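> Sending over a structure as structure tokens; questions will come in a sec.
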Amino acid sequence: MNPFREAWQSIVRRDPLSTDKGKSELVFLNVWLHIHPAKVKKENLKVKHTFYLGFITFFLFLILVTTGVALMVYYRPQSPQAYQDMKDLQFVVYLGTFLRNMHRWAAHGMVICVFLHMCRVFYTGSYKRPRQFNWVIGVVLFLLTLGLSFTGYLLPWDQLAFWAITVGTNIGSYAPLMGARIRELLLGGHTVGESALLRFYVLHVAVLPALITLFTMVHFWRMRKDGGLSRPVWKLDQDEPAQLVTIGAPATIAPLAAVPASQDKTYGLMEVVTGRPIFETVSMEEEEDAVFSYPYAFFREGIALLVTVATVMAVSLFWKAPLEELANPAKTPNPAKAPWYFLGLQELVSHSALLGGVIVPTLAVLALIAIPYIDSNPSRRPADRKWAIRAFTLFVVVNVVLIIVGTFFRGPGWAFVPPWVHIAGAE
Amino acid sequence: MERRLPQFFFALSMIVLALMLGAIWQAGSPTWKTYQQEFHRLEAVGEPNAAAKSDVVNAALVIRQDLLPGLQRVDRCTTCHLGAEDPTMKNAPQPFAFHANLAPHIPARFGCTVCHGGQGLATDKQNAHGKVPFWQEPLLPREYIRASCGRCHKEGEVPGVPELADGRRLFETQGCRGCHKLNGVGGTIGPDLTEEGAIRRFPEWLERHFLDPNAVSRNSPMPNFHFTKEQARALTFYMLSLTSEQMGTYYSSVRLIPSASYGRELFVEKNCIACHSIGGVGAKNGPDLGQAAKQHSPGWLDEQLVNPQLIYPGSTMPAYDLETNARKAIIAFMASATAEDAQSILAQRTKPLTPEDAAIEAGKQSFARFGCVGCHGLQLQGGVPNPNSQGGEVPSLLHASDDYTKEEVIKIIQNGKVPPVENTAKPAAPLYMPPWKSVLTDEDIHRIADYLWSLQKKKDAW
């Protein structure tokens, strides 16, 4: 036997991809791919259903880990070396500027995509039973993403970084009782300084990435266990209500789960334990709709990955990551602004520190977490959930408007200054 | 659609590959490599044979940098400015020209940017010359480079840069501290100047500003002092030298030997002859300084100048707040001074001093040093415009005794005073009397009041 062929076979250990068995084995014999089902419903892969926003967010995270590890090689979390290292990336390290640009733009992109992904999940009603808790994990991932972006914001140690973190952590200190203490713990002092830089660095390269990895694993695992990609809303009308059988419990107490009944199926012990069918193809209609993950899902995901990488690279070729002067605690820019995704918050704080800085954002986060539990409406059809959609749209619009006002319409002294008005003397 | 997926995937892979090549193309060949190759060709001209020529032309291209921990800098200027220390490059074009008169400030110890400005870490022309946003020290124009000497040589005369000492003297005598803080001492009406040479380096702006503050900064409360061009230049030099940047001990100007001639200037400026004599010539209120220089070590004299009360409690000599090198210069002058020096210093004085005048003289020194003269004038004449204050200008102090008792004046100096406005509808007057009690000692304030009272003129009778 051909030794090369044997070596290859020892690696892949599956039948040729031309066979259905090979296609299945590609998925479940491979540790990296086995989070996928062997077969997926073709309609669920439609771009106009998910826009692949979850995938894109994950791919941006992969870009951030890759570029971030490369950047760590050149970075010292000390003052003023941190700033010098930025200059070295720009002037000495081969492709250093490009690397930093990619990291910066991918980070902003991840904040945006994670938010858009959340919107998509809401509008398609994909957080509903049994996926309620996965929505909560999603909100945690959103907050972790903001935390990663915020901690990374300080690391270049320039004026932009220093003052954005000063303003950002000041907003946090408005919280009664705990606020000032949390700020002190985070900064390792009362002002942003060398110890804050080190703490933010540790959070940025170790603690938060580890947490976000763990939560991402749970997020993916649960999604897979809950039936994979959610069903497009337009398919709901065509899906005939399945006849359900209950398993997992005697009739006297509530059943563990209700599963579609099948005429020609025997239920195994595992299915009784999990309360779910292991093989999902039941009716003839679904059989038509289901396709092998290879090539249908994998090529689409690969294309999403390539589009993400290509977009970040293209943006990084043409737009440079900002770098201002060395951080100078004695020279306050006017206005000093938090990172853009906190500018809505800063805008609120400018009206009322306690209400805008503490009560409203706390309530907003709690409300986001509680959405799947408040929204008891079982239907995913937009026509059945007009008020939910209106309320969420209002939340999104208010957020976006506040951020736009804070970013473009606030000048020295936080006065209302439209971006097209130039103020003499303001730098 | 499904059949096209692999093709689509392949096309996107090609796009990503193209973008990678684009990034590599953008990183390209940095300009410093081109400059180094050009320099190697220039060097090769002087080589005797073909083998040596090709060795020089093919020499490795490397980033050169001077690590300057004492100056907290890394300067990579010599990556392109390769001939700076090579006398054979005297007539070479920039960036390869030889830097004449460099010693002892060799790049290995001093780098380039501490004098020239610019961005030492950068390796392309525009960034290195600092003419980019967010770099606060662009390359200084040729005629202002010497001002940078003052960043290390903070005291005394700097050979070849009379402007620095002139500027410093103007700053201390024209009352700039009345409005501006420098190293923690001074008023709060104008901006703090401690970092003026480090954060806003626009020499041309500064110079025009000194000639006419309103010309470059509209509605500036700063009075027009009608400086001459030379004075404006000197002040600009001094401003450019101001920085609180910590220079390592190697660079500290304490290493410089202060000159006796600077000491003589200080001796005249501080009016030491009002109390002291040299070789028996001068006032007899204090000890003879010629004698003192012989009896005591320079270290002892230095201590005495820092705090006269420490060695002789109850001494009437004021502490003059002289900087290290200024004290050294005065001590150097004392060691070399003769009776003839004292004669010539006395001869230049308009009137001989009486013993009572000594304290008043000290008050006058403080009046100048803490910047009162900036608004109230060297002759206490006032007259600096102060729109919307009563009378529209800073009041003369020559008739203060008509309206106030001495105690009231002391209170005003201690606590400050906002001038009454003429028209409440208009914005408040820009200039006001800052409170001085946190800066000046009670003794200083009393001396200043004594000085003011010594010059009071009674209004003519009706």
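Naming scheme: A, B, ... for chains in displayed order of the structure tokens; residues 1 onward per chain; ligands 1 onward as shown.
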As a short mmCIF file (atom, residue, chain, number, x, y, z; two decimals) with all heavy atoms, in the first residue's frame, could you give me every residue of chain B near chain A (at most 8 Å apart, counting only C-alpha atoms)?

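Saved as out_29.cif:
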data_model
loop_
_atom_site.label_atom_id
_atom_site.label_comp_id
_atom_site.auth_asym_id
_atom_site.auth_seq_id
_atom_site.Cartn_x
_atom_site.Cartn_y
_atom_site.Cartn_z
N GLU B 2 -24.61 25.97 -4.85
CA GLU B 2 -23.70 25.10 -4.10
C GLU B 2 -22.44 24.78 -4.89
O GLU B 2 -21.36 24.69 -4.32
CB GLU B 2 -24.43 23.80 -3.72
CG GLU B 2 -25.66 24.00 -2.87
CD GLU B 2 -25.43 24.94 -1.70
OE1 GLU B 2 -24.36 24.87 -1.07
OE2 GLU B 2 -26.31 25.76 -1.43
N LEU B 5 -19.87 27.56 -4.59
CA LEU B 5 -19.25 27.88 -3.29
C LEU B 5 -17.74 27.71 -3.28
O LEU B 5 -17.03 28.62 -2.88
CB LEU B 5 -19.88 27.02 -2.19
CG LEU B 5 -21.18 27.55 -1.60
CD1 LEU B 5 -21.69 26.61 -0.52
CD2 LEU B 5 -21.01 28.94 -1.03
N PRO B 6 -17.22 26.55 -3.75
CA PRO B 6 -15.76 26.41 -3.74
C PRO B 6 -15.07 27.48 -4.58
O PRO B 6 -14.01 27.98 -4.20
CB PRO B 6 -15.54 25.01 -4.32
CG PRO B 6 -16.81 24.30 -4.07
CD PRO B 6 -17.89 25.33 -4.19
N PHE B 8 -16.16 30.50 -5.16
CA PHE B 8 -16.26 31.73 -4.39
C PHE B 8 -15.21 31.75 -3.27
O PHE B 8 -14.52 32.74 -3.06
CB PHE B 8 -17.67 31.80 -3.81
CG PHE B 8 -18.09 33.18 -3.40
CD1 PHE B 8 -17.79 34.29 -4.17
CD2 PHE B 8 -18.82 33.36 -2.23
CE1 PHE B 8 -18.19 35.55 -3.79
CE2 PHE B 8 -19.21 34.63 -1.83
CZ PHE B 8 -18.89 35.72 -2.62
N PHE B 9 -15.10 30.60 -2.61
CA PHE B 9 -14.12 30.43 -1.54
C PHE B 9 -12.71 30.67 -2.07
O PHE B 9 -11.92 31.40 -1.47
CB PHE B 9 -14.24 29.01 -0.98
CG PHE B 9 -13.42 28.77 0.25
CD1 PHE B 9 -13.91 29.07 1.50
CD2 PHE B 9 -12.15 28.21 0.14
CE1 PHE B 9 -13.15 28.84 2.62
CE2 PHE B 9 -11.38 27.98 1.27
CZ PHE B 9 -11.89 28.30 2.51
N LEU B 12 -12.13 34.39 -2.82
CA LEU B 12 -11.91 35.17 -1.60
C LEU B 12 -10.52 34.91 -1.03
O LEU B 12 -9.86 35.82 -0.54
CB LEU B 12 -12.97 34.81 -0.56
CG LEU B 12 -14.26 35.61 -0.68
CD1 LEU B 12 -15.36 34.96 0.15
CD2 LEU B 12 -14.04 37.04 -0.24
N SER B 13 -10.06 33.65 -1.13
CA SER B 13 -8.71 33.34 -0.67
C SER B 13 -7.70 34.17 -1.44
O SER B 13 -6.73 34.70 -0.87
CB SER B 13 -8.39 31.86 -0.88
OG SER B 13 -9.35 31.07 -0.25
N ILE B 15 -8.25 37.05 -2.77
CA ILE B 15 -8.35 38.45 -2.32
C ILE B 15 -7.56 38.64 -1.03
O ILE B 15 -6.81 39.61 -0.87
CB ILE B 15 -9.83 38.85 -2.14
CG1 ILE B 15 -10.48 38.98 -3.51
CG2 ILE B 15 -9.96 40.15 -1.36
CD1 ILE B 15 -11.97 39.22 -3.47
N VAL B 16 -7.70 37.69 -0.10
CA VAL B 16 -6.94 37.80 1.16
C VAL B 16 -5.44 37.77 0.87
O VAL B 16 -4.67 38.55 1.43
CB VAL B 16 -7.34 36.67 2.14
CG1 VAL B 16 -6.39 36.62 3.32
CG2 VAL B 16 -8.76 36.90 2.62
N LEU B 19 -4.44 41.06 -0.41
CA LEU B 19 -4.37 42.06 0.66
C LEU B 19 -3.07 41.89 1.47
O LEU B 19 -2.45 42.87 1.88
CB LEU B 19 -5.58 41.94 1.58
CG LEU B 19 -6.87 42.51 0.99
CD1 LEU B 19 -8.08 42.04 1.77
CD2 LEU B 19 -6.83 44.04 0.98
N MET B 20 -2.67 40.63 1.67
CA MET B 20 -1.40 40.39 2.36
C MET B 20 -0.24 41.00 1.57
O MET B 20 0.62 41.68 2.12
CB MET B 20 -1.15 38.88 2.51
CG MET B 20 -1.84 38.26 3.70
SD MET B 20 -1.49 36.49 3.72
CE MET B 20 -2.63 35.98 4.98
N GLY B 22 -0.53 43.37 -0.48
CA GLY B 22 -0.71 44.82 -0.37
C GLY B 22 -0.06 45.36 0.89
O GLY B 22 0.60 46.40 0.87
N ALA B 23 -0.26 44.64 2.00
CA ALA B 23 0.35 45.08 3.27
C ALA B 23 1.86 45.05 3.17
O ALA B 23 2.55 45.96 3.64
CB ALA B 23 -0.14 44.19 4.41
N ILE B 24 2.38 43.98 2.52
CA ILE B 24 3.84 43.88 2.36
C ILE B 24 4.35 45.01 1.46
O ILE B 24 5.36 45.63 1.74
CB ILE B 24 4.20 42.49 1.78
CG1 ILE B 24 3.97 41.44 2.87
CG2 ILE B 24 5.62 42.45 1.27
CD1 ILE B 24 3.96 40.02 2.36
N GLN B 26 2.91 47.89 1.09
CA GLN B 26 2.79 49.14 1.84
C GLN B 26 3.95 49.31 2.82
O GLN B 26 4.50 50.39 2.96
CB GLN B 26 1.45 49.16 2.59
CG GLN B 26 1.09 50.52 3.13
CD GLN B 26 -0.20 50.47 3.94
OE1 GLN B 26 -0.36 49.61 4.81
NE2 GLN B 26 -1.10 51.38 3.66
N ALA B 27 4.29 48.19 3.51
CA ALA B 27 5.44 48.26 4.41
C ALA B 27 6.69 48.55 3.59
O ALA B 27 7.59 49.27 4.02
CB ALA B 27 5.58 46.95 5.18
N LEU B 121 12.43 58.62 17.77
CA LEU B 121 12.11 57.21 17.51
C LEU B 121 11.75 56.95 16.05
O LEU B 121 11.76 55.81 15.60
CB LEU B 121 10.95 56.76 18.40
CG LEU B 121 11.27 56.56 19.88
CD1 LEU B 121 9.99 56.53 20.70
CD2 LEU B 121 12.04 55.28 20.09
N ALA B 122 11.40 58.00 15.33
CA ALA B 122 10.88 57.82 13.97
C ALA B 122 11.99 57.51 12.99
O ALA B 122 13.15 57.87 13.20
CB ALA B 122 10.12 59.06 13.54
N THR B 123 11.63 56.83 11.92
CA THR B 123 12.63 56.45 10.92
C THR B 123 12.24 56.92 9.52
O THR B 123 12.79 56.45 8.54
CB THR B 123 12.83 54.93 10.90
OG1 THR B 123 11.55 54.31 10.76
CG2 THR B 123 13.47 54.44 12.17
N ASP B 124 11.26 57.82 9.42
CA ASP B 124 11.01 58.44 8.13
C ASP B 124 11.01 59.95 8.33
O ASP B 124 10.79 60.44 9.43
CB ASP B 124 9.68 57.97 7.53
CG ASP B 124 8.51 58.42 8.36
OD1 ASP B 124 8.19 57.74 9.36
OD2 ASP B 124 7.92 59.48 8.04
N PRO B 133 0.82 65.57 13.23
CA PRO B 133 -0.07 65.81 14.37
C PRO B 133 0.38 64.99 15.59
O PRO B 133 0.97 63.91 15.43
CB PRO B 133 -1.43 65.31 13.87
CG PRO B 133 -1.32 65.23 12.41
CD PRO B 133 0.10 65.02 12.07
N PHE B 134 0.11 65.51 16.75
CA PHE B 134 0.35 64.81 18.01
C PHE B 134 1.83 64.62 18.33
O PHE B 134 2.17 63.78 19.13
CB PHE B 134 -0.36 63.44 18.05
CG PHE B 134 -1.83 63.55 17.81
CD1 PHE B 134 -2.43 62.89 16.76
CD2 PHE B 134 -2.61 64.34 18.64
CE1 PHE B 134 -3.79 63.00 16.54
CE2 PHE B 134 -3.96 64.46 18.42
CZ PHE B 134 -4.56 63.79 17.38
N TRP B 135 2.71 65.36 17.67
CA TRP B 135 4.10 65.37 18.15
C TRP B 135 4.41 66.80 18.55
O TRP B 135 4.31 67.71 17.75
CB TRP B 135 5.09 64.86 17.12
CG TRP B 135 6.41 64.66 17.79
CD1 TRP B 135 7.52 65.45 17.68
CD2 TRP B 135 6.75 63.65 18.74
NE1 TRP B 135 8.51 64.99 18.50
CE2 TRP B 135 8.07 63.89 19.16
CE3 TRP B 135 6.06 62.56 19.30
CZ2 TRP B 135 8.72 63.07 20.11
CZ3 TRP B 135 6.71 61.77 20.23
CH2 TRP B 135 8.03 62.02 20.62
N GLN B 136 4.76 66.97 19.84
CA GLN B 136 4.81 68.33 20.37
C GLN B 136 6.14 69.03 20.20
O GLN B 136 6.26 70.21 20.50
CB GLN B 136 4.44 68.29 21.85
CG GLN B 136 3.07 67.68 22.03
CD GLN B 136 2.56 67.85 23.41
OE1 GLN B 136 3.32 68.00 24.35
NE2 GLN B 136 1.27 67.83 23.57
#
> Once DSSP has gone over the backbone, tell me which residues of region 42-283 of chain A are in helix (DSSP H, G or I), as a ChimeraX atom specification.
/A:42-45,47-50,53-72,81-91,96-123,132-154,159-172,179-187,194-225,233-236,269-274
> Provide the CA of Leu33 (chain A) to CA of Phe55 (chain A) distance in Å, to one decimal place.
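So the two atoms, CA of Leu33 (chain A) and CA of Phe55 (chain A), lie 14.0 Å apart.
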> Which residues, written as a ChimeraX atom specification, have at least one atom at most 12 Å from Ala388 (chain A), with only C-alpha atoms counted and residues fewer than 5 positions away on the same chain left out?
/A:122-125,371-372,374-377,379-383,393-395
> At a cut-off of 12 Å, using only C-alpha atoms, what residues contact region 344-346 of chain B? Leave out same-chain residues fewer than 5 positions from it and give the result as a VMD selection string.
chain B and resid 264 to 278 281 to 283 337 to 339 351 to 353
> Residues within 6 Å of Thr57 (chain A), please, as a list in words. Count only C-alpha atoms; anything in the same chain fewer than 3 positions from it doesn't count.
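Near neighbours after the sequence-gap exclusion: Gly54, Leu60, Met110, Cys113 and Val114 of chain A.
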> Go ahead and write the selection's residues with N, CA, C and O atoms as a PDB file, in the first residue's frame.

ATOM      1  N   GLY A  54     -22.944  36.042  14.307  1.00  0.00           N
ATOM      2  CA  GLY A  54     -22.281  35.304  15.377  1.00  0.00           C
ATOM      3  C   GLY A  54     -20.947  34.755  14.913  1.00  0.00           C
ATOM      4  O   GLY A  54     -19.935  34.889  15.604  1.00  0.00           O
ATOM      5  N   LEU A  60     -13.728  37.544  14.332  1.00  0.00           N
ATOM      6  CA  LEU A  60     -13.021  38.760  14.762  1.00  0.00           C
ATOM      7  C   LEU A  60     -12.243  38.473  16.043  1.00  0.00           C
ATOM      8  O   LEU A  60     -11.119  38.937  16.213  1.00  0.00           O
ATOM      9  N   MET A 110     -15.628  44.014  16.542  1.00  0.00           N
ATOM     10  CA  MET A 110     -16.224  42.995  17.401  1.00  0.00           C
ATOM     11  C   MET A 110     -17.303  43.602  18.288  1.00  0.00           C
ATOM     12  O   MET A 110     -18.362  43.000  18.490  1.00  0.00           O
ATOM     13  N   CYS A 113     -20.248  44.086  15.973  1.00  0.00           N
ATOM     14  CA  CYS A 113     -20.876  42.832  15.519  1.00  0.00           C
ATOM     15  C   CYS A 113     -21.586  42.108  16.655  1.00  0.00           C
ATOM     16  O   CYS A 113     -22.632  41.488  16.441  1.00  0.00           O
ATOM     17  N   VAL A 114     -21.025  42.170  17.853  1.00  0.00           N
ATOM     18  CA  VAL A 114     -21.656  41.467  18.962  1.00  0.00           C
ATOM     19  C   VAL A 114     -23.005  42.138  19.265  1.00  0.00           C
ATOM     20  O   VAL A 114     -23.996  41.477  19.569  1.00  0.00           O
TER      21      VAL A 114
END
> For Val65 (chain A), work out the shell of residues within 12 Å, counting only C-alpha atoms and skipping chain neighbours fewer than 2 positions away, then give it as a short mmCIF file (atom, residue, chain, number, x, y, z; two decimals) with C-alpha atoms, in the first residue's frame.

data_model
loop_
_atom_site.label_atom_id
_atom_site.label_comp_id
_atom_site.auth_asym_id
_atom_site.auth_seq_id
_atom_site.Cartn_x
_atom_site.Cartn_y
_atom_site.Cartn_z
CA PHE A 58 -16.16 34.77 16.62
CA PHE A 59 -13.82 35.21 13.66
CA LEU A 60 -13.02 38.76 14.76
CA PHE A 61 -12.17 37.30 18.15
CA LEU A 62 -9.80 34.84 16.45
CA ILE A 63 -8.16 37.73 14.55
CA THR A 67 -2.74 39.77 16.28
CA GLY A 68 -2.86 40.32 20.04
CA VAL A 69 -0.35 37.57 20.78
CA ALA A 70 1.93 38.99 18.09
CA LEU A 71 1.61 42.48 19.61
CA MET A 72 2.41 41.14 23.09
CA LEU A 99 -0.64 44.50 12.89
CA MET A 102 -5.80 45.07 12.41
CA HIS A 103 -6.04 44.62 16.17
CA ARG A 104 -7.62 48.02 16.66
CA ALA A 106 -11.08 44.19 14.62
CA ALA A 107 -11.72 45.22 18.24
CA LEU A 148 -11.79 43.69 26.63
CA HIS A 204 -6.70 42.41 28.74
CA VAL A 205 -4.29 39.59 27.92
CA ALA A 206 -5.16 36.97 30.54
CA LEU A 208 -10.87 38.57 30.18
CA PRO A 209 -9.72 36.44 27.22
CA ALA A 210 -9.90 33.35 29.44
CA ILE A 212 -14.65 35.10 27.15
CA THR A 213 -13.26 31.79 25.84
#
> Measuring atom to atom with only C-alpha atoms, identify which of A:Phe409, A:Tyr83, A:Phe4, A:Tyr294 is nearest to Gly344 (chain A).
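Of all the options, A:Phe409 lies closest to Gly344 (chain A).
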> Compile the contact shell of Gly357 (chain A) as a list in words: residues with an atom at most 8 Å away, counting only C-alpha atoms, same-chain residues fewer than 5 positions apart removed.
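Within the cut-off, the hits are Ile171, Gly172, Tyr174, Ala175, Leu345, Gln346, Leu348, Val349 and Ser352 of chain A.
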> Could you save the residues just selected, with N, CA, C and O atoms, as a short mmCIF file (atom, residue, chain, number, x, y, z; two decimals), in the first residue's frame?

data_model
loop_
_atom_site.label_atom_id
_atom_site.label_comp_id
_atom_site.auth_asym_id
_atom_site.auth_seq_id
_atom_site.Cartn_x
_atom_site.Cartn_y
_atom_site.Cartn_z
N ILE A 171 -16.95 57.44 35.36
CA ILE A 171 -18.38 57.15 35.23
C ILE A 171 -18.73 56.02 36.18
O ILE A 171 -19.74 56.07 36.90
N GLY A 172 -17.87 54.98 36.24
CA GLY A 172 -18.12 53.85 37.13
C GLY A 172 -18.15 54.25 38.59
O GLY A 172 -18.88 53.65 39.39
N TYR A 174 -19.45 56.65 39.99
CA TYR A 174 -20.68 57.30 40.47
C TYR A 174 -21.60 56.32 41.20
O TYR A 174 -22.54 56.73 41.87
N ALA A 175 -21.33 55.03 41.04
CA ALA A 175 -22.17 54.05 41.71
C ALA A 175 -22.05 54.25 43.23
O ALA A 175 -20.96 54.42 43.75
N LEU A 345 -23.24 56.61 27.40
CA LEU A 345 -23.25 56.63 28.86
C LEU A 345 -22.75 57.99 29.38
O LEU A 345 -23.33 58.59 30.27
N GLN A 346 -21.66 58.48 28.75
CA GLN A 346 -21.11 59.77 29.16
C GLN A 346 -22.12 60.89 28.91
O GLN A 346 -22.24 61.82 29.71
N LEU A 348 -25.34 60.54 29.03
CA LEU A 348 -26.31 60.44 30.12
C LEU A 348 -25.75 61.03 31.40
O LEU A 348 -26.42 61.77 32.12
N VAL A 349 -24.47 60.72 31.68
CA VAL A 349 -23.83 61.22 32.91
C VAL A 349 -23.79 62.74 32.91
O VAL A 349 -23.93 63.38 33.95
N SER A 352 -27.10 63.66 34.38
CA SER A 352 -27.24 63.30 35.78
C SER A 352 -26.29 62.16 36.09
O SER A 352 -26.35 61.10 35.44
#
> Could you please determine the separation between CA of Met222 (chain B) and CA of Asn423 (chain B) in Å, to one decimal place?
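Computing the Euclidean distance for CA of Met222 (chain B) and CA of Asn423 (chain B) yields 21.0 Å.
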> Could you check how far CA of Pro435 (chain B) sits from CA of Asn183 (chain B), in Å to one decimal?
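Those two atoms sit 17.6 Å apart.
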